[in-house]
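Accompanying notes for the structure given below.
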Amino acid sequence: MKRVLRWIAERVPVDQELVRKALREPLPVHMKNWVFCLGGTPALLFCILAVTGILLTFYYVPSPSHAYASVSNITFKVRMGWFIRGIHQGASQLMIVTVLLHMIRVFFTRAYRNPRELNWMFGVALFMITLTFAFTGYSLVYDQLSYWATTIGTNMIAAVPVIGEPLLYLLRGGPDVNPNTLSRFYDFHIGVLPTMMTLLIVAHVLLVRLHGVAPLPSDPRRETYPFFPDHMLREMIVGLVILIALVNFVMFFPPTVGAPATPGNTPGHIRPEWYFFPTYRWLKLTSLSVGIWGSMLFVAGLFLWPFIDAILEKIAPRRHLWVIVGTSCFLMTIVFMLWEAIVG
Amino acid sequence: MEEPASSEVAAGSRRDFIANIVLGTGTVLGVGSLAYRFLEYLYPVIPAIRLVEVPAGKPEDIPADGVRLVQLPAGPVILEKADNEVHAFSAVCTHLGCTVQWHPEDKRFVCPCHQGIYDLKGNVVSGPPPRPLEKLQVTLRDGQLFVLMNSPKGEQA
């Protein structure tokens with residue numbers, strides 16, 4: 001064993017001391033709280049999604065005439081197909097949940113402040129990519145929800161002033177939702193987005209490591225504990241719990257497919273997945289331009305939040321405006337989501 | 001190569017400066033034009049819009065309540081009959097493109113996506129749609145209705 005290790009070490013001349021230092025990075029003890037393990041979970045889920053996603057491409061056919069049948073084939077015929085698809089679907093939902101929880105944790109511990117603004121922005125970009133992943137993902141099934149979600153989603157882009165129309169053509173590969181659209185969404189889902197996400201995750205984690213974990217002002221303790229093996233173990237426990245939950249969820253709620261996509265015929269009850277409920281409700285309440293501008297403004301605000309917080313702090317120091325703004329945005333999102341979920 | 005009359009250091013730094021400018025501009029132009037070609041490749045060929053006359057059944061096919069929704073190759077169309085005159089609208093919601101549905105009980109068209117509501121003449125009653133439903137020209141020839149609309153969808157290369 002030792003000889004093998006030495007053989008590798010000679011061929012990969014990395015400074016062993018550096019590796020040890022990186023692995024044993026001291027973390028402040030407040031990180032032992034489980035809430036601080038949330039950041040690692042989306043990364044783990046991303047790995048699960050990558051593996052199950054690759055497996056799904058073995059049977060999925062990205063063409064309008066075959067997509068629906070191939071998904072039905074995976075779900076009902078392929079050996080363990082329902083399981084692979086179920087894990088993929090469940091992991092995508094959980095990924096959104098954990099990304100949101102991680103963002104809420106970072107927000108309310110104010111860990112995004114100077115000098116960590118850029119990493120908050122990377123994080124928001126990762127959140128947006130996660131949502132785009134989800135959106136393109138359920139478009140691929142090519143059932144009614146896929147088709148109409150694609151139509152609505154791409155038409156929203158067309159409503160963006162000036163660049164809207166060319167951007168729409170570029171995304172759809174034509175003026176209408178057509179065979180090119182599915183290929184493009186597929187390409188985004190399995191090529192463009194995974195590449196972007198991998199690069200951004202690396203940048204995100206790298207910046208956390210370079211800055212060190214953000215201090216928690218409310219916790220005066222100075223003690224630390226090492227990332228490896230202590231914190232790694234905690235992350236692994238979280239990962240295992242999530243895996244068990246995921247497998248059980250799929251066993252009890254195996255995936256299904258809706259009615260096949262029928263252009264020209266929107267079904268009476270159509271609704272996106274729960275994570276788009278707030279936007280969906282917002283679009284019902286407002287005119288088209290207010291709906292689009294409002295959504296864009298919300299995303300811009302989220303993206304630039306560390307700077308907005310700094311300005312608020314300057315205008316009214318120690319008034320805790322960040323809590324007020326953050327909590328009201330958060331409550332508004334929850335209200336819109338529940339409103340859509342209950343009233344429909 | 002000829003040396004300028006100034007000192008060695010100045011000549012060197014000037015030469016470096018020019019080299020950097022040339023290299024920098026070249027890189028930007030090269031990568032930029034390559035990226036532009038890539039974008040061009042992705043931009044779809046948009047077919048010219050052709051107006052075509054699409055047969056849409058007979059006036060007698062329109063039921064007694066005066067409204068029929070037909071699926072034509074160029075998209076869903078509403079045929080509305082009043083006083084023996086037939087009007088046609090596109091059934092595509094002007095908000096975000098879903099197909100509206102006919103609710104005979106209150107004589108309204110309702111979009112199931114974001115609850116846009118239109119009246120019998122295609123005007124917006126409530127909800128987010130920015131415009132009335134698009135009016136289409138309809139003609140009656142030899143007992144057959146023809147709707148003038150844009151060429152069928154999904155034809156692009």
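Labels used: A, B, ... for chains in the order of the structure tokens, numbers from 1 for residues in each chain, and numbers from 1 for ligands as shown.
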Could you write out as a PyMOL selection string the residues of chain B within 6 Å of chain A, counting only C-alpha atoms?
chain B and resi 43-44+75-76+96+99+112+114+128+154
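Backbone DSSP over range 28-149 of chain B yields alpha helix (DSSP H) at Val28, Leu29, Gly30, Val31, Gly32, Ser33, Leu34, Ala35, Tyr36, Arg37, Phe38, Leu39, Glu40, Tyr41 and Leu42 of chain B.
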Applying 12 Å and only C-alpha atoms, which residues near Arg234 in chain A remain after dropping the ones on its own chain fewer than 6 positions away? List them as a ChimeraX atom specification.
/A:31-38,40-41,226-228,240-241
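Closest to Ala310 in chain A among A:Tyr112, A:Phe276, A:Leu101, A:Gln144 is A:Tyr112, based on only C-alpha atoms.
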Report the residues of range 4-155 of chain B whose backbone DSSP state falls under strand (DSSP E or B), written as a PyMOL selection string.
chain B and resi 51-55+67-72+75-82+85-90+92+99+101-103+108-110+117-118+124-126+135-141+144-150
